[in-house]
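> Sending over a structure as structure tokens; questions will come in a sec.
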Amino acid sequence: MTDAVPRHLYLIDGSAYIFRAFFALPPMTRSDGTPTNAVMGFSSMILNLIEQTDADYVAVIFDAKRENFRNEIYPDYKGHRPDAPEELRPQFSLIRDATEAFNLPCLEMEGYEADDLIATYAKQAVAKGSKVTIVSSDKDLMQLVQDGIEMWDPMKNTAIHHDQVVEKFGVPPEKVVDVQALAGDSTDNVPGVPGIGIKTAAQLIVDYGDLDTLLERAGEIKQPKRRENLIEHAELARISRELVRLKQDVPVEVPLEELKRRPLDNDRLLEFLKLMEFKRLIARFQTEEAAQEASEAAAAPAETDYQLVQDEAALKAWIDAAYKTGILAVDTETTGLDAMQADLVGICLSTEPGKACYIPLGHVGEGEGDLLSSGDAEAPKQIPMATALDLLRPVLADPSVLKVGQNLKYDLQILGRLDVPVTPIDDTMLMSFCVDGGAHGHGMDELADLHLGMKTIKFEEVCGKGKNQITFDKVPLDKALAYAAEDADITLRLHRALKPRLLADRMTTLYETIERPLAQILADMERAGIKVDPKTLKEMSADFAKRIADLEAEIHKDAGQEFNVASPKQLGEILFDKLGLKGGKKTKSGGYSTDSGVLEPLALDNPIVQKVLDFRGLSKLKSTYTDALVEDINPQTKRVHTSYSMVGAQTGRLSSTDPNLQNIPIRTAEGRRIREAFIAEPGCKLISLDYSQIELRLVAEIADLDALKQAFQDGLDIHAMTASEVFGVPLKEMDSETRRKAKAINFGIIYGISAFGLANQIGVSRTEAKDFIDRYFERFPGIRKFMDETVEGCREKGYVETLFGRRIHLGGINDKNPMRRGYAERQAINAPIQGTAADIIKRAMIRIPGALAEAGLDDVTMLLQVHDELIFEAPADKAEKAVPVIRDVMEGAAGPARTLSVPLEVEAGIADNWREAH
DNA sequence: CCACTCACG
DNA sequence: GACGTACGTGAGTGGC
């Protein structure tokens, strides 16, 4: 019976997983209080595995009770292990229940550890010619890796092969036990030889071949202490080896043949998941069931034809095909994520679903530049980069061929740096954002799964992760082809799926007039960057460093002991336990809250608290800004280039990363000085223009608040006017404190006000805050109607809309949990306001370059966007002239699509640096 | 990897 | 009456 021989055996290390899942996942409990986080992690992992694997034999293996044969060899084995945490103990048996619910064999044997059973089954199977995958990241199992046996780390989702074992232990798998015997293991209380760790052990084993030879020849060791230890503790090393060496001949009670994979019993599994209250898993399991049925019902999956393009003739054939179809999916592969520094490695193209190619351009030989590898492989055959780009340039710029990409802004920038313009474009990520903003993410893997039911090859599967990650230019061409061509293929398929939805959901205008044109504008801004003066920043860093050190010393003195002031945990214990300041536990994890809201009131009476606040402020400025920004200066351009995310914020705002240039300090004088380091090139000026009160103006517009609209038309001080209405103080007698409260109320309106939030913000009682809000609603009667209708509309449709038709989906709006629902309701009120403001500035940004060019100011460059502000760099003699051009575009950006009854106003400044320009 | 804190609009 | 909250972000640090 050939059936009895496993093709692929999966051995899942249940015991190790329980511990890792328990510590890695946040605590969670069933409604009866039973902790369930490890069970949840385990069930989720199993669901992943059975969905992905082709294994025909599967077993989950657990440790039996503590004592086993190793304790006879060495009584202290695992002697220092503390008992399992209380929250974990009840989960052991639940995990066995889970295993059975998944209809998997659940194995354990008294007197042996799970690892021994795994070793035994693995060796039995591999002897029969099976492939074996051990699902575990336990290093003690790495000795088993060999031809036919690999490991899979279920937390990191990475494979552990021969190379990863060498990485970890410095020796191949078959010598791992020798290294472990020397180095010992404190967590298992394996003694090893004193003074020898993994590194030294590996070196010794490499030098002497194996443990026995080493111990025989220990006398030759040069280092006296090491030599003595090895001689004296030779027996300990041998015992250690017996402890770590896995038993491969356990007289297993369940024969291998019985591990044959059994089909899932859907009802039984669902019953278990319901019992455990794993809502997300239930949903996932049910949709997977449905998707599976759907895909089985659908036509056979399309065949794929992925080609490697290594000569000009093949490339020309692809270009011809693009002209014929009029559509070309494009994706670039590079050496990194920084679009200003990464080098082009290859380009993938697709002209019809299932058909794609990869054009390697910058691949080097495998292991090239790697000292350990002898005989570097030659770089593979490739079309010279300049030749390929020359061939591609016409089609990429041809107006009759639509270029489709996923997050094309990145590729535009990479290709732009190589003088390869790309136009016209469609971007599947942006299409998804327009159609499904707020409903889910917009990454390609997620979209492929959602719209195509396709699982993609992950970047990490090709390049690894962490410090072992390699750059794409070192990936062998066969792997590169499979990964890269798939990306282009999927992009084209997504385009087919999403383009009709733009139309059906009436999102075409939003996409065509805002998101699509903005991609190129942002690519240009990112590439332009802004000049930052490292000298100014370094001087500030040095000043901060000294003052931080002084403050720290004083804080330690005041506290009567040294501690880490930057640790909220330690700080809380010092302030509230040791010094007895009042301020209860506040954070959900049980610690003291020490944020500025708590510390500021205490600072008045307690000098140490003020010092802590000063310390915090300076540390923040130093680590996040003055130190970090210097590192972000691009060595070639000497400028700082941020990256904008177009899908980062649900409301339609941009977000900025690497570095974030949208949160440069301004609120304190000290922080504001950082803006002095943002400067114009010699002979140039920076111009800053920002919308004044745009969100409040939009509230007046959208909620149709006559009094507020009139106030804006009359150019009044809007917060003072609010204060006068709400508190009944005549404008002439307005004091700053009353105005401040009114300002907070105005912000509160924008945020979806609550009495609690307002009270917290302005330091009054909740009843008082409630009173203020009621008075506001009386004076501006439209606001309540707007809020109620917005929330109601969202409940019915599941989304809210901006003035320009952008939809923001809010899943929690019908949640039965009042807290989550309240949160969604406030989002529903805020999103149309924040989102409309985002639409307006985006519309302005798209028009500004054209307006400047028309005014003969094409040497004025747009550099940054900070939500309601735009920063430009201009030749000094052009700055004054540019301001009215830009201002006109910004103030008129809502038109002609929308005519606002509230004027938009823009304030402008010109200076040598950002602080003075703003 | 998460919680906390804090910078911005 | 009880939930326990102001909206939207990204980055650095400490600690499990």
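Following the order of the structure tokens, chains are lettered A, B, ..., residues in each are numbered from 1, and ligands are numbered from 1.
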Please return, as a list in words, all residues of chain B lying within 6 Å of chain A when only C-alpha atoms (C1' of nucleotides) are considered.
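Within 6 Å of chain A on chain B, we get DA7, DC8 and DG9 of chain B.
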> Output N, CA, C and O atoms (P, O5', C5', C4', C3', O3' and C1' of nucleotides) for every residue in the selection just made, as a PDB file, in the first residue's frame.

ATOM      1  P    DA B   7       5.657  67.049  23.413  1.00  0.00           P
ATOM      2  O5'  DA B   7       5.520  67.432  21.867  1.00  0.00           O
ATOM      3  C5'  DA B   7       6.680  67.611  21.077  1.00  0.00           C
ATOM      4  C4'  DA B   7       6.375  67.291  19.643  1.00  0.00           C
ATOM      5  C3'  DA B   7       5.111  67.947  19.079  1.00  0.00           C
ATOM      6  O3'  DA B   7       5.358  69.286  18.707  1.00  0.00           O
ATOM      7  C1'  DA B   7       5.206  65.675  18.434  1.00  0.00           C
ATOM      8  P    DC B   8       4.167  70.328  18.737  1.00  0.00           P
ATOM      9  O5'  DC B   8       3.408  70.002  17.378  1.00  0.00           O
ATOM     10  C5'  DC B   8       4.089  70.177  16.145  1.00  0.00           C
ATOM     11  C4'  DC B   8       3.303  69.541  15.028  1.00  0.00           C
ATOM     12  C3'  DC B   8       1.903  70.110  14.832  1.00  0.00           C
ATOM     13  O3'  DC B   8       1.988  71.287  14.050  1.00  0.00           O
ATOM     14  C1'  DC B   8       1.857  67.741  14.706  1.00  0.00           C
ATOM     15  P    DG B   9       0.741  72.294  14.012  1.00  0.00           P
ATOM     16  O5'  DG B   9      -0.344  71.514  13.158  1.00  0.00           O
ATOM     17  C5'  DG B   9      -0.158  71.378  11.764  1.00  0.00           C
ATOM     18  C4'  DG B   9      -1.353  70.644  11.181  1.00  0.00           C
ATOM     19  C3'  DG B   9      -2.638  71.446  11.287  1.00  0.00           C
ATOM     20  O3'  DG B   9      -3.283  71.535  10.037  1.00  0.00           O
ATOM     21  C1'  DG B   9      -2.905  69.286  12.262  1.00  0.00           C
TER      22       DG B   9
END
> Per residue of chain A within 10 Å of chain C, note the shortest atom pair and the distance in Å to one decimal, counting only C-alpha atoms (C1' of nucleotides), and order the rows by chain and increasing residue number, as a tab-separated table.

residue	atom	partner	partner_atom	distance
A:Phe23	CA	C:DC16	C1'	7.6
A:Ala24	CA	C:DC16	C1'	8.6
A:Asn564	CA	C:DG14	C1'	9.4
A:Ala566	CA	C:DT13	C1'	7.4
A:Ser567	CA	C:DG14	C1'	5.9
A:Pro568	CA	C:DG14	C1'	8.1
A:Lys569	CA	C:DG14	C1'	8.5
A:Gln570	CA	C:DG14	C1'	9.8
A:Ser619	CA	C:DG12	C1'	9.7
A:Lys620	CA	C:DG12	C1'	7.9
A:Ser623	CA	C:DG12	C1'	6.9
A:Thr624	CA	C:DG12	C1'	6.4
A:Tyr625	CA	C:DA11	C1'	9.7
A:Ala628	CA	C:DG12	C1'	9.9
A:Gly648	CA	C:DT9	C1'	8.2
A:Ala649	CA	C:DG8	C1'	6.9
A:Gln650	CA	C:DG8	C1'	8.0
A:Thr651	CA	C:DG8	C1'	7.3
A:Gly652	CA	C:DG8	C1'	9.6
A:Arg653	CA	C:DG8	C1'	7.9
A:Leu654	CA	C:DT9	C1'	8.8
A:Ser655	CA	C:DT9	C1'	6.4
A:Ser656	CA	C:DG10	C1'	7.5
A:Thr657	CA	C:DG10	C1'	6.6
A:Asp658	CA	C:DG10	C1'	9.0
A:Pro659	CA	C:DG10	C1'	8.6
A:Asn660	CA	C:DG10	C1'	6.3
A:Leu661	CA	C:DG10	C1'	9.6
A:Gln662	CA	C:DT9	C1'	8.8
A:Asn663	CA	C:DG10	C1'	8.3
A:Phe747	CA	C:DA6	C1'	8.9
A:Gly748	CA	C:DA6	C1'	6.4
A:Ile749	CA	C:DA6	C1'	9.1
A:Ile750	CA	C:DC7	C1'	7.2
A:Tyr751	CA	C:DC7	C1'	4.5
A:Gly752	CA	C:DA6	C1'	7.0
A:Ile753	CA	C:DA6	C1'	6.0
A:Ser754	CA	C:DA6	C1'	6.2
A:Ala755	CA	C:DA6	C1'	8.5
A:Phe756	CA	C:DT5	C1'	7.0
A:Gly757	CA	C:DA6	C1'	4.3
A:Leu758	CA	C:DA6	C1'	6.6
A:Ala759	CA	C:DA6	C1'	9.4
A:Asn760	CA	C:DA6	C1'	8.6
A:Gln761	CA	C:DA6	C1'	8.2
A:Asn817	CA	C:DC3	C1'	8.1
A:Pro818	CA	C:DC3	C1'	6.2
A:Met819	CA	C:DC3	C1'	6.3
A:Arg820	CA	C:DT5	C1'	9.4
A:Gly822	CA	C:DT5	C1'	7.6
A:Tyr823	CA	C:DT5	C1'	7.0
A:Arg826	CA	C:DC7	C1'	7.4
A:Gln827	CA	C:DC7	C1'	6.5
A:Ala828	CA	C:DC7	C1'	9.6
A:Ile829	CA	C:DC7	C1'	8.7
A:Asn830	CA	C:DC7	C1'	5.7
A:Ala831	CA	C:DC7	C1'	7.6
A:Ile833	CA	C:DC7	C1'	9.7
A:Gln834	CA	C:DG8	C1'	7.9
A:Gly835	CA	C:DG8	C1'	9.6
> If you run DSSP on this backbone, which residues of range 416-606 of chain A come out as alpha helix (DSSP H), and could you give them as an NGL selection string?
:A and (416-417 or 428-436 or 444-447 or 459-463 or 477-504 or 508-510 or 516-528 or 534-559 or 568-572 or 596-603)
> Could you please write out, as a list in words, every residue of range 746-872 of chain A that DSSP assigns to strand (DSSP E)?
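Those residues are Tyr799, Val800, Glu801, Arg807, Ile808, His809, Thr861, Met862, Leu863, Leu864, Gln865, Glu869, Leu870, Ile871 and Phe872 of chain A.
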> Just want the 6 Å neighbourhood of range 682-684 of chain A, counted on only C-alpha atoms (C1' of nucleotides), with same-chain residues fewer than 4 positions away dropped. Output as a list in words.
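Near neighbours after the sequence-gap exclusion: Ala874, Pro875 and Ala876 of chain A.
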> Just the number, please: distance in Å from CA of Asp178 in chain A to CA of Gln164 in chain A, one decimal.
17.2 Å
> Tell me, as a ChimeraX atom specification, which residues lie within 6 Å of range 781-791 of chain A, counting only C-alpha atoms (C1' of nucleotides); anything in the same chain fewer than 2 positions away does not count.
/A:703,705,777-779,793-794,825
> Could you dump the residues just selected with C-alpha atoms as a PDB file, in the first residue's frame?

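Here's the written file again_27.pdb:
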ATOM      1  CA  ALA A 703     -23.803  71.980   8.947  1.00  0.00           C
ATOM      2  CA  LEU A 705     -24.688  77.291  10.582  1.00  0.00           C
ATOM      3  CA  PHE A 777     -26.283  73.844  20.548  1.00  0.00           C
ATOM      4  CA  GLU A 778     -28.839  76.532  21.452  1.00  0.00           C
ATOM      5  CA  ARG A 779     -26.863  79.317  19.831  1.00  0.00           C
ATOM      6  CA  GLY A 793     -26.798  58.287   7.618  1.00  0.00           C
ATOM      7  CA  CYS A 794     -23.690  56.381   8.581  1.00  0.00           C
ATOM      8  CA  GLU A 825     -20.071  58.042  15.983  1.00  0.00           C
TER       9      GLU A 825
END
> Quick one: everything within 10 Å of range 496-502 of chain A, counting only C-alpha atoms (C1' of nucleotides), minus sequence neighbours fewer than 3 positions away in the same chain. Send it as a ChimeraX atom specification.
/A:353,426-432,434-436,447,451-452,490-493,505-512
> Got time to write the residues from that selection, C-alpha atoms, as a PDB file, in the first residue's frame?

ATOM      1  CA  PRO A 353      -3.914  38.321 -16.808  1.00  0.00           C
ATOM      2  CA  ASP A 426      -3.703  54.009 -12.958  1.00  0.00           C
ATOM      3  CA  ASP A 427      -2.979  52.916  -9.411  1.00  0.00           C
ATOM      4  CA  THR A 428      -4.825  49.939  -7.937  1.00  0.00           C
ATOM      5  CA  MET A 429      -3.970  50.949  -4.386  1.00  0.00           C
ATOM      6  CA  LEU A 430      -5.591  54.343  -4.894  1.00  0.00           C
ATOM      7  CA  MET A 431      -8.593  52.786  -6.607  1.00  0.00           C
ATOM      8  CA  SER A 432      -9.082  50.544  -3.623  1.00  0.00           C
ATOM      9  CA  CYS A 434     -11.425  55.410  -3.171  1.00  0.00           C
ATOM     10  CA  VAL A 435     -13.842  52.509  -3.258  1.00  0.00           C
ATOM     11  CA  ASP A 436     -13.202  50.858   0.107  1.00  0.00           C
ATOM     12  CA  LEU A 447      -6.284  43.010  -2.145  1.00  0.00           C
ATOM     13  CA  HIS A 451     -10.650  40.385  -4.794  1.00  0.00           C
ATOM     14  CA  LEU A 452      -8.931  37.476  -6.529  1.00  0.00           C
ATOM     15  CA  ILE A 490      -1.878  40.495  -9.819  1.00  0.00           C
ATOM     16  CA  THR A 491      -1.762  44.242 -10.355  1.00  0.00           C
ATOM     17  CA  LEU A 492      -3.317  43.831 -13.770  1.00  0.00           C
ATOM     18  CA  ARG A 493      -5.972  41.482 -12.419  1.00  0.00           C
ATOM     19  CA  ASP A 505     -19.750  53.132  -6.718  1.00  0.00           C
ATOM     20  CA  ARG A 506     -19.560  56.545  -8.407  1.00  0.00           C
ATOM     21  CA  MET A 507     -16.015  57.088  -7.220  1.00  0.00           C
ATOM     22  CA  THR A 508     -14.578  57.841 -10.641  1.00  0.00           C
ATOM     23  CA  THR A 509     -14.569  61.610 -10.165  1.00  0.00           C
ATOM     24  CA  LEU A 510     -12.807  61.441  -6.823  1.00  0.00           C
ATOM     25  CA  TYR A 511     -10.224  59.082  -8.246  1.00  0.00           C
ATOM     26  CA  GLU A 512      -9.688  60.907 -11.519  1.00  0.00           C
TER      27      GLU A 512
END
